[in-house]
Each structure stands twice: as structure tokens, then as C-alpha cells.
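**Student:** What follows is data_37.cif, made up of mmCIF, C-alpha atoms:
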data_run
loop_
_atom_site.label_atom_id
_atom_site.label_comp_id
_atom_site.auth_asym_id
_atom_site.auth_seq_id
_atom_site.Cartn_x
_atom_site.Cartn_y
_atom_site.Cartn_z
CA MET A 27 -49.67 107.43 -34.74
CA ALA A 28 -51.94 104.71 -33.43
CA GLU A 29 -50.71 102.64 -30.46
CA ASN A 30 -49.57 99.12 -31.14
CA SER A 31 -52.34 97.16 -29.41
CA ALA A 32 -49.88 94.37 -28.52
CA ASN A 33 -47.99 96.80 -26.29
CA SER A 34 -50.98 98.18 -24.42
CA ILE A 35 -52.38 96.74 -21.16
CA ASP A 36 -55.66 94.90 -21.69
CA PRO A 37 -58.09 96.25 -19.06
CA THR A 38 -60.34 93.20 -19.48
CA ILE A 39 -57.67 90.84 -18.07
CA PRO A 40 -57.98 90.90 -14.25
CA GLU A 41 -54.80 91.43 -12.24
CA PRO A 42 -53.66 88.32 -10.37
CA THR A 43 -54.87 88.27 -6.80
CA MET A 44 -55.07 85.74 -4.00
CA LYS A 45 -57.43 85.64 -1.05
CA ILE A 46 -55.86 84.03 2.01
CA ASP A 47 -57.49 82.96 5.28
CA VAL A 48 -54.97 83.22 8.10
CA LEU A 49 -55.51 81.39 11.39
CA LEU A 50 -54.76 83.44 14.49
CA PHE A 51 -53.86 82.36 18.03
CA GLY A 52 -52.63 83.85 21.27
CA VAL A 53 -52.29 87.60 21.60
CA GLU A 54 -53.02 88.19 17.89
CA ALA A 55 -56.40 86.46 18.23
CA SER A 56 -57.23 88.16 21.52
CA THR A 57 -56.22 91.60 20.19
CA LEU A 58 -58.44 91.31 17.13
CA GLY A 59 -61.19 89.30 18.84
CA VAL A 60 -61.22 86.75 16.01
CA ASP A 61 -59.41 83.52 15.31
CA ARG A 62 -58.99 84.06 11.59
CA LEU A 63 -58.33 86.96 9.26
CA THR A 64 -58.88 87.13 5.50
CA VAL A 65 -56.50 89.21 3.41
CA GLN A 66 -56.33 89.84 -0.31
CA ILE A 67 -52.93 90.15 -1.98
CA PRO A 68 -52.48 91.42 -5.56
CA GLU A 69 -50.17 88.55 -6.51
CA ASP A 70 -50.88 85.09 -7.83
CA ARG A 71 -48.60 83.19 -5.42
CA PRO A 72 -47.38 85.68 -2.82
CA THR A 73 -44.49 85.04 -0.50
CA CYS A 74 -44.80 84.84 3.26
CA GLU A 75 -43.17 88.26 3.42
CA SER A 76 -45.93 89.71 1.21
CA LEU A 77 -48.46 88.04 3.45
CA ARG A 78 -46.95 89.67 6.54
CA GLU A 79 -47.25 93.08 4.90
CA ALA A 80 -50.84 92.42 3.90
CA ILE A 81 -51.75 91.31 7.42
CA LEU A 82 -50.19 94.43 8.93
CA GLU A 83 -52.12 96.60 6.51
CA ALA A 84 -55.38 94.81 7.33
CA ALA A 85 -54.78 94.66 11.10
CA PRO A 86 -52.31 97.34 12.21
CA SER A 87 -53.22 96.81 15.88
CA ILE A 88 -51.17 93.61 15.98
CA ARG A 89 -48.01 95.28 14.66
CA PRO A 90 -46.45 95.48 18.18
CA HIS A 91 -46.22 91.69 18.19
CA LEU A 92 -44.67 91.44 14.72
CA GLN A 93 -41.19 90.61 15.99
CA HIS A 94 -42.46 87.27 17.34
CA TRP A 95 -44.34 86.18 14.21
CA ARG A 96 -43.63 83.08 12.26
CA ILE A 97 -45.90 81.93 9.48
CA SER A 98 -46.82 78.29 9.13
CA ILE A 99 -47.99 76.71 5.89
CA ASN A 100 -49.75 73.37 6.21
CA HIS A 101 -48.50 72.91 9.77
CA GLN A 102 -44.83 73.59 8.98
CA PHE A 103 -42.91 76.75 9.80
CA ALA A 104 -42.30 78.61 6.53
CA ARG A 105 -39.45 80.76 5.25
CA ALA A 106 -40.01 84.40 4.36
CA ASP A 107 -39.44 83.68 0.66
CA GLN A 108 -41.71 80.65 0.58
CA ARG A 109 -44.68 81.05 -1.76
CA LEU A 110 -48.29 80.30 -0.89
CA SER A 111 -50.65 78.17 -2.94
CA HIS A 112 -54.43 78.43 -3.06
CA ASP A 113 -55.21 75.42 -0.86
CA ASP A 114 -52.57 76.07 1.80
CA GLU A 115 -53.59 76.26 5.47
CA VAL A 116 -51.84 79.36 6.79
CA ALA A 117 -51.37 80.51 10.37
CA ILE A 118 -49.49 83.14 12.31
CA ILE A 119 -47.56 81.55 15.14
CA GLY A 120 -46.59 84.36 17.51
CA LEU A 121 -45.46 84.08 21.11
CA VAL A 122 -46.43 80.63 22.38
CA SER A 123 -47.05 79.61 25.97
CA GLY A 124 -47.24 75.86 26.29
CA GLY A 125 -46.30 73.89 29.35
CA MET B 13 -35.39 55.16 20.35
CA SER B 14 -39.01 55.89 21.14
CA VAL B 15 -40.84 59.18 21.18
CA HIS B 16 -44.51 59.27 22.08
CA VAL B 17 -46.72 62.36 22.12
CA ASN B 18 -50.26 62.70 23.41
CA ILE B 19 -52.44 65.81 23.48
CA THR B 20 -55.59 65.20 25.49
CA ASP B 21 -58.56 67.22 26.65
CA GLY B 22 -58.47 68.56 30.21
CA PRO B 23 -56.06 67.79 33.04
CA LEU B 24 -53.71 64.87 32.56
CA PRO B 25 -54.58 61.64 34.38
CA THR B 26 -52.01 59.99 36.62
CA SER B 27 -49.24 58.50 34.56
CA THR B 28 -48.80 54.75 34.37
CA PHE B 29 -45.98 54.89 31.84
CA HIS B 30 -42.95 52.67 32.34
CA HIS B 31 -39.72 52.83 30.41
CA THR B 32 -38.59 49.39 29.33
CA GLN B 33 -35.16 49.82 27.80
CA ASP B 34 -32.57 47.36 29.16
CA SER B 35 -29.73 49.85 29.32
CA LEU B 36 -31.54 52.61 31.15
CA GLY B 37 -29.97 53.90 34.32
CA ALA B 38 -32.02 57.05 34.93
CA THR B 39 -35.56 58.28 34.41
CA VAL B 40 -37.15 61.64 35.12
CA CYS B 41 -40.77 62.67 35.10
CA PHE B 42 -41.45 66.40 35.00
CA GLU B 43 -44.99 67.64 35.60
CA GLY B 44 -46.27 71.15 34.99
CA ILE B 45 -48.97 72.03 37.52
CA VAL B 46 -51.43 74.93 37.23
CA ARG B 47 -50.71 77.44 39.99
CA PRO B 48 -53.57 79.27 41.79
CA LEU B 49 -52.33 82.79 41.03
CA GLU B 50 -51.71 84.77 37.85
CA GLY B 51 -49.53 87.54 39.19
CA SER B 52 -51.50 88.51 42.28
CA ASP B 53 -54.92 87.55 40.90
CA ALA B 54 -56.61 84.28 41.80
CA ILE B 55 -57.46 82.02 38.90
CA VAL B 56 -59.64 78.94 38.69
CA GLY B 57 -57.50 77.40 35.98
CA LEU B 58 -55.85 77.78 32.60
CA GLN B 59 -57.44 77.42 29.18
CA TYR B 60 -55.11 75.74 26.69
CA ARG B 61 -55.44 76.14 22.96
CA THR B 62 -53.42 73.88 20.69
CA TYR B 63 -52.93 74.21 16.95
CA ASP B 64 -53.57 70.65 15.88
CA PRO B 65 -51.89 68.75 14.36
CA MET B 66 -48.90 71.07 14.30
CA ALA B 67 -48.52 71.05 18.10
CA ALA B 68 -48.13 67.26 18.24
CA GLN B 69 -45.82 67.31 15.21
CA GLU B 70 -43.56 69.91 16.80
CA LEU B 71 -43.48 68.05 20.14
CA ARG B 72 -42.52 64.88 18.28
CA ARG B 73 -39.84 66.73 16.34
CA LEU B 74 -38.39 68.08 19.59
CA GLY B 75 -38.40 64.60 21.04
CA GLU B 76 -36.50 63.21 18.05
CA GLN B 77 -34.02 66.08 18.26
CA ALA B 78 -33.52 65.43 21.98
CA VAL B 79 -32.73 61.78 21.25
CA GLU B 80 -30.24 62.82 18.57
CA ARG B 81 -28.55 65.58 20.60
CA PHE B 82 -28.43 63.96 24.03
CA GLY B 83 -28.72 60.23 23.36
CA VAL B 84 -31.74 59.70 25.60
CA LEU B 85 -33.46 56.36 25.20
CA SER B 86 -37.14 57.24 25.27
CA ILE B 87 -39.45 60.20 25.62
CA LEU B 88 -43.14 60.48 26.43
CA VAL B 89 -44.80 63.89 26.19
CA ASP B 90 -48.34 64.57 27.37
CA HIS B 91 -49.99 67.98 27.06
CA SER B 92 -53.47 69.20 27.85
CA ARG B 93 -55.86 71.00 25.59
CA GLY B 94 -58.91 72.89 26.91
CA PHE B 95 -59.50 73.76 30.55
CA VAL B 96 -57.19 72.58 33.33
CA PRO B 97 -58.17 73.61 36.87
CA VAL B 98 -55.77 74.90 39.50
CA HIS B 99 -53.53 72.12 40.86
CA GLY B 100 -54.23 70.05 37.77
CA CYS B 101 -51.40 68.70 35.65
CA SER B 102 -51.26 70.19 32.13
CA PHE B 103 -47.88 68.97 30.92
CA ARG B 104 -45.86 65.86 31.59
CA LEU B 105 -42.46 64.94 30.21
CA HIS B 106 -41.03 61.47 30.88
CA MET B 107 -37.51 60.71 29.75
CA ALA B 108 -35.18 57.76 30.17
CA ALA B 109 -31.45 57.61 29.53
CA VAL B 110 -28.39 55.58 30.41
CA HIS B 111 -26.93 58.32 32.62
CA ARG B 112 -28.44 61.24 34.53
CA LYS B 113 -26.19 63.91 32.96
CA GLU B 114 -27.61 63.69 29.46
CA LEU B 115 -31.08 63.11 30.87
CA LEU B 116 -31.20 66.33 32.87
CA MET B 117 -29.71 68.32 29.98
CA ALA B 118 -32.27 66.88 27.58
CA MET B 119 -35.15 67.69 29.92
CA GLU B 120 -34.08 71.33 30.29
CA TRP B 121 -33.45 71.68 26.55
CA PHE B 122 -36.79 70.14 25.57
CA ILE B 123 -38.85 72.33 27.90
CA GLY B 124 -37.00 75.48 26.81
CA GLN B 125 -37.56 74.68 23.14
CA MET B 126 -41.20 73.81 23.72
CA LYS B 127 -41.84 77.15 25.37
CA LYS B 128 -40.41 78.94 22.33
CA ASN B 129 -41.63 76.92 19.39
CA VAL B 130 -44.60 74.62 19.96
CA PRO B 131 -47.95 76.16 18.94
CA ILE B 132 -49.75 75.88 22.27
CA TRP B 133 -51.19 78.87 24.12
CA LYS B 134 -52.59 79.24 27.61
CA SER B 135 -54.77 81.96 29.07
CA PRO B 136 -55.87 82.40 32.68
CA VAL B 137 -59.46 81.85 33.71
CA PHE B 138 -60.07 84.22 36.58
CA ASP B 139 -62.33 83.64 39.51
CA ALA B 140 -65.14 86.05 38.62
CA ARG B 141 -66.43 86.13 42.20
CA VAL B 142 -63.05 87.24 43.55
CA LYS B 143 -62.65 89.86 40.82
CA ALA B 144 -66.16 91.22 41.45
CA SER B 145 -65.62 91.52 45.22
CA THR B 146 -62.23 93.17 44.70
CA HIS B 147 -63.75 95.93 42.59
CA ASN B 148 -66.74 96.61 44.90
#
Rewrite the structure of this file - the entire thing - as C-alpha cells.
**Tutor:**
Amino acid sequence: MAENSANSIDPTIPEPTMKIDVLLFGVEASTLGVDRLTVQIPEDRPTCESLREAILEAAPSIRPHLQHWRISINHQFARADQRLSHDDEVAIIGLVSGG
Amino acid sequence: MSVHVNITDGPLPTSTFHHTQDSLGATVCFEGIVRPLEGSDAIVGLQYRTYDPMAAQELRRLGEQAVERFGVLSILVDHSRGFVPVHGCSFRLHMAAVHRKELLMAMEWFIGQMKKNVPIWKSPVFDARVKASTHN
């Protein structure tokens, strides 16, 4: 019996994905030797938690500092369940050392 | 209530700030000075990196919280960005309050919170000549 074409996945429709530039500072920047990292996440508007996972996959050498990470979106600390939009400025704020 | 925040390049100049509130009975000025050693290694200074404008926003937010929690009258925060040589001032916190008790508590609270939450980072700049002679 032929498949109902309405129930099959259309391979011509690209899966949603979002490319995110993440600003890095402190030990994360010095460990990687760069001050920004680009990750690609297979979701249209990923959460900060998804972003953390994507960053760890792209840059496993900064995993030891994970416990100190907070993510900022547009200069505000973000919640883990907060979703990213395409024009957001995103940064990892790890251990800080002002003063 | 007044909270002022400045982030400026290099070491902080001498402060000329004066609190002007009528009811004030106590003021404190704390200054963070760059020490000459990082552990046991000599440094020529500290390099500060600030995430602008979030650093100023967070300092202002802390100042407003300090006013709300402790009832201080005014707060001025100055922080350096870029290179600050040894013995230079990289951080200054001026506060004024009616009484010293809330003032000293607010100072300690503010500095503790800043060191945990404000996106500013410092890294030592070592004296290359000393390091080279040590390893020869």
C-alpha cells in the first residue's frame, strides 16, 4: 500500500537550526585562546540550557569551569529555560574577578 | 538616593567627590590598589577587561540594592578598564549614610557581591625581565 504523503517527512524542508556567537571572557577565553565561539544548535529558538550543552560539545576543554557559568542575553543574566532569539547578544559569564 | 557608576580606562585619578546630603553622618571611601606580587611572582600591573555595558549596569544595580537594603544615602563606584600599574588604584567605592553601622555593612556587602557577579576580569601582567632572569 502506498504511503500517505501527508504523513511522511519532507526531506526538502530544512530542519530548524540556529547559529549563535557566544562572547567569552576570563578563564574560558584564555583556555580557548579566543574571545568568541560560534555554535550551531538544531533548534529554532534554543534555551540557554541547550546552548550550554552545545558549547560543551564544541569546546570540551572548558567543561571544568562549567559550575561557574551563567549565560547573559543582551547584558542581562538569563534563566536556564530562557529562549534565545536570532539577534541576541550572548555571553558566558564565568568566574569574575573585579575589584 | 544617588548611585553613580564610572568605568574608565587605566588607573583611577584622585577622587574629588563630595557627598552633599544634609543628613549624612558618615562617609567611607574604599580603594582597591594593585599589589606588586601575584603569589610570589612580581607583576608590573593588572589588565582589566570589562563586559560593557553589562558591567556598569550590574554595578548600578548593586548600588541600588545597597541603598534599598542598608538605607545608605549615596554611592559612587569607579572601576578601571585596561592596564593599571602596580600601586595604581583600580577600584573606588564611596558611600555616605546617616550612621556608620549601615555604612560599613553596605560597603562589605557591595564588594562581596561585586566580586561574585559583576562581569569584570583581571589578569596579571608579569615583569618579563624578572621571569626571564628567574629561569636562566
**Student:** Sort by chain and increasing residue number a table of all residues of chain A within 7 Å of chain B, each with its closest pair of atoms and their distance in Å to one decimal, counting all atoms listed in the file, and write it as a tab-separated table.
**Tutor:**
residue	atom	partner	partner_atom	distance
A:Gly52	CA	B:Trp133	CA	5.9
A:His101	CA	B:Met66	CA	4.9
A:Ile119	CA	B:Pro131	CA	6.6
A:Val122	CA	B:Trp133	CA	5.4
A:Ser123	CA	B:Trp133	CA	4.6
A:Gly124	CA	B:Ile132	CA	4.7
A:Gly125	CA	B:Phe103	CA	5.4
**Student:** Write out the residues from the selection above, keeping C-alpha atoms, as a compact mmCIF listing (two decimals), in the coordinates of the input.
**Tutor:**
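To be explicit, this is the file written out as out.txt:
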# COMPACT_ATOMS: atom_id res chain seq x y z
CA GLY A 52 -52.63 83.85 21.27
CA HIS A 101 -48.50 72.91 9.77
CA ILE A 119 -47.56 81.55 15.14
CA VAL A 122 -46.43 80.63 22.38
CA SER A 123 -47.05 79.61 25.97
CA GLY A 124 -47.24 75.86 26.29
CA GLY A 125 -46.30 73.89 29.35
**Student:** Quick one: apply the PyMOL selection byres ((chain A and resi 64-67) around 10) to the file and drop the selected residues here as a compact mmCIF listing (two decimals) with C-alpha atoms, in the frame of the given file.
**Tutor:**
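The result, stored in result-v1.txt:
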# COMPACT_ATOMS: atom_id res chain seq x y z
CA PRO A 42 -53.66 88.32 -10.37
CA THR A 43 -54.87 88.27 -6.80
CA MET A 44 -55.07 85.74 -4.00
CA LYS A 45 -57.43 85.64 -1.05
CA ILE A 46 -55.86 84.03 2.01
CA ASP A 47 -57.49 82.96 5.28
CA VAL A 48 -54.97 83.22 8.10
CA LEU A 49 -55.51 81.39 11.39
CA ARG A 62 -58.99 84.06 11.59
CA LEU A 63 -58.33 86.96 9.26
CA PRO A 68 -52.48 91.42 -5.56
CA GLU A 69 -50.17 88.55 -6.51
CA ASP A 70 -50.88 85.09 -7.83
CA ARG A 71 -48.60 83.19 -5.42
CA PRO A 72 -47.38 85.68 -2.82
CA THR A 73 -44.49 85.04 -0.50
CA SER A 76 -45.93 89.71 1.21
CA LEU A 77 -48.46 88.04 3.45
CA GLU A 79 -47.25 93.08 4.90
CA ALA A 80 -50.84 92.42 3.90
CA ILE A 81 -51.75 91.31 7.42
CA LEU A 82 -50.19 94.43 8.93
CA GLU A 83 -52.12 96.60 6.51
CA ALA A 84 -55.38 94.81 7.33
CA ALA A 85 -54.78 94.66 11.10
**Student:** Excluding Ser87 in chain A and residues on its chain fewer than 3 positions from it, collect all residues at most 12 Å away from it, counting only C-alpha atoms, and give them as a list in words.
**Tutor:**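 Contacts, in chain order: Val53, Glu54, Ala55, Ser56, Thr57, Leu58, Gly59, Ile81, Leu82, Glu83, Ala84, Pro90, His91 and Leu92 of chain A.
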**Student:** Store the residues picked out above in a file with C-alpha atoms, as a PDB file, in the frame of the given file.
**Tutor:**
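Full text of selection-v1.pdb as output:
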ATOM      1  CA  VAL A  53     -52.290  87.600  21.600  1.00  0.00           C
ATOM      2  CA  GLU A  54     -53.020  88.190  17.890  1.00  0.00           C
ATOM      3  CA  ALA A  55     -56.400  86.460  18.230  1.00  0.00           C
ATOM      4  CA  SER A  56     -57.230  88.160  21.520  1.00  0.00           C
ATOM      5  CA  THR A  57     -56.220  91.600  20.190  1.00  0.00           C
ATOM      6  CA  LEU A  58     -58.440  91.310  17.130  1.00  0.00           C
ATOM      7  CA  GLY A  59     -61.190  89.300  18.840  1.00  0.00           C
ATOM      8  CA  ILE A  81     -51.750  91.310   7.420  1.00  0.00           C
ATOM      9  CA  LEU A  82     -50.190  94.430   8.930  1.00  0.00           C
ATOM     10  CA  GLU A  83     -52.120  96.600   6.510  1.00  0.00           C
ATOM     11  CA  ALA A  84     -55.380  94.810   7.330  1.00  0.00           C
ATOM     12  CA  PRO A  90     -46.450  95.480  18.180  1.00  0.00           C
ATOM     13  CA  HIS A  91     -46.220  91.690  18.190  1.00  0.00           C
ATOM     14  CA  LEU A  92     -44.670  91.440  14.720  1.00  0.00           C
TER      15      LEU A  92
END
**Student:** Using only C-alpha atoms for the distances, tell me which of B:Phe122, B:Ser52, B:Thr32, B:Pro23 is nearest to His99 in chain B.
**Tutor:** B:Pro23
**Student:** To verify the selection step, state as number ranges by chain which residues the PyMOL selection byres ((chain A and resi 108-115) around 7) yields on this input.
**Tutor:** A: 71-74, 99-100, 104-107, 116-117
**Student:** How many Å separate CA of Ile55 in chain B from CA of Asp21 in chain B?
**Tutor:**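 Atom-to-atom, CA of Ile55 in chain B to CA of Asp21 in chain B, that is 19.2 Å.
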**Student:** CA of Pro136 in chain B and CA of Arg47 in chain B are how many Å apart?
**Tutor:**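 Atom-to-atom, CA of Pro136 in chain B and CA of Arg47 in chain B are spaced 10.2 Å apart.
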**Student:** Would you write out, as a PyMOL selection string, every residue that the PyMOL selection byres ((chain B and resi 83) around 9) captures in this file?
**Tutor:** chain B and resi 13+78-82+84-85+109-110+114-115+118
**Student:** If you measure from CA of Arg72 in chain B to CA of Gln33 in chain B, what distance in Å do you get, rounded to one decimal?
**Tutor:** 19.3 Å
**Student:** Using only C-alpha atoms, which of the listed residues (B:Thr26, B:Gln125, B:Ser86, B:Thr20) sits closest to Ala108 in chain B?
**Tutor:**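 Smallest distance to Ala108 in chain B is found for B:Ser86.
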**Student:** Some atoms are absent from range 50-81 of chain B, so rebuild N, CA and C atoms and return them as a tab-separated table (two decimals), in the coordinates of the input.
**Tutor:**
chain	number	residue	atom	x	y	z
B	50	GLU	N	-52.29	84.17	39.04
B	50	GLU	CA	-51.71	84.77	37.85
B	50	GLU	C	-51.27	86.16	38.28
B	51	GLY	N	-49.97	86.32	38.52
B	51	GLY	CA	-49.53	87.54	39.19
B	51	GLY	C	-50.07	87.52	40.61
B	52	SER	N	-50.90	88.50	40.94
B	52	SER	CA	-51.50	88.51	42.28
B	52	SER	C	-52.99	88.18	42.23
B	53	ASP	N	-53.50	87.83	41.06
B	53	ASP	CA	-54.92	87.55	40.90
B	53	ASP	C	-55.18	86.05	40.96
B	54	ALA	N	-56.24	85.69	41.69
B	54	ALA	CA	-56.61	84.28	41.80
B	54	ALA	C	-57.23	83.81	40.49
B	55	ILE	N	-56.85	82.62	40.08
B	55	ILE	CA	-57.46	82.02	38.90
B	55	ILE	C	-58.09	80.70	39.29
B	56	VAL	N	-59.03	80.25	38.46
B	56	VAL	CA	-59.64	78.94	38.69
B	56	VAL	C	-58.98	77.89	37.81
B	57	GLY	N	-58.20	78.35	36.84
B	57	GLY	CA	-57.50	77.40	35.98
B	57	GLY	C	-56.92	78.08	34.76
B	58	LEU	N	-56.40	77.28	33.86
B	58	LEU	CA	-55.85	77.78	32.60
B	58	LEU	C	-56.60	77.13	31.44
B	59	GLN	N	-56.82	77.93	30.40
B	59	GLN	CA	-57.44	77.42	29.18
B	59	GLN	C	-56.34	77.25	28.15
B	60	TYR	N	-56.16	76.02	27.66
B	60	TYR	CA	-55.11	75.74	26.69
B	60	TYR	C	-55.71	75.62	25.29
B	61	ARG	N	-55.05	76.28	24.35
B	61	ARG	CA	-55.44	76.14	22.96
B	61	ARG	C	-54.25	75.54	22.20
B	62	THR	N	-54.49	74.51	21.45
B	62	THR	CA	-53.42	73.88	20.69
B	62	THR	C	-53.73	73.98	19.20
B	63	TYR	N	-52.74	74.20	18.39
B	63	TYR	CA	-52.93	74.21	16.95
B	63	TYR	C	-52.62	72.79	16.47
B	64	ASP	N	-53.70	72.04	16.30
B	64	ASP	CA	-53.57	70.65	15.88
B	64	ASP	C	-53.60	70.55	14.36
B	65	PRO	N	-52.82	69.70	13.75
B	65	PRO	CA	-51.89	68.75	14.36
B	65	PRO	C	-50.47	69.25	14.51
B	66	MET	N	-50.27	70.57	14.28
B	66	MET	CA	-48.90	71.07	14.30
B	66	MET	C	-48.26	70.95	15.69
B	67	ALA	N	-49.08	71.13	16.75
B	67	ALA	CA	-48.52	71.05	18.10
B	67	ALA	C	-47.92	69.67	18.36
B	68	ALA	N	-48.65	68.62	18.04
B	68	ALA	CA	-48.13	67.26	18.24
B	68	ALA	C	-46.92	67.00	17.36
B	69	GLN	N	-46.95	67.48	16.13
B	69	GLN	CA	-45.82	67.31	15.21
B	69	GLN	C	-44.56	67.97	15.77
B	70	GLU	N	-44.71	69.19	16.29
B	70	GLU	CA	-43.56	69.91	16.80
B	70	GLU	C	-43.03	69.26	18.08
B	71	LEU	N	-43.93	68.76	18.93
B	71	LEU	CA	-43.48	68.05	20.14
B	71	LEU	C	-42.71	66.79	19.74
B	72	ARG	N	-43.21	66.09	18.74
B	72	ARG	CA	-42.52	64.88	18.28
B	72	ARG	C	-41.16	65.23	17.69
B	73	ARG	N	-41.11	66.30	16.94
B	73	ARG	CA	-39.84	66.73	16.34
B	73	ARG	C	-38.83	67.08	17.43
B	74	LEU	N	-39.28	67.77	18.48
B	74	LEU	CA	-38.39	68.08	19.59
B	74	LEU	C	-37.90	66.81	20.27
B	75	GLY	N	-38.80	65.86	20.43
B	75	GLY	CA	-38.40	64.60	21.04
B	75	GLY	C	-37.33	63.89	20.22
B	76	GLU	N	-37.49	63.86	18.93
B	76	GLU	CA	-36.50	63.21	18.05
B	76	GLU	C	-35.18	63.96	18.08
B	77	GLN	N	-35.26	65.29	18.15
B	77	GLN	CA	-34.02	66.08	18.26
B	77	GLN	C	-33.33	65.83	19.59
B	78	ALA	N	-34.11	65.69	20.66
B	78	ALA	CA	-33.52	65.43	21.98
B	78	ALA	C	-32.81	64.09	21.99
B	79	VAL	N	-33.38	63.09	21.34
B	79	VAL	CA	-32.73	61.78	21.25
B	79	VAL	C	-31.41	61.92	20.51
B	80	GLU	N	-31.43	62.67	19.40
B	80	GLU	CA	-30.24	62.82	18.57
B	80	GLU	C	-29.15	63.61	19.29
B	81	ARG	N	-29.54	64.70	19.97
B	81	ARG	CA	-28.55	65.58	20.60
B	81	ARG	C	-27.99	64.99	21.88
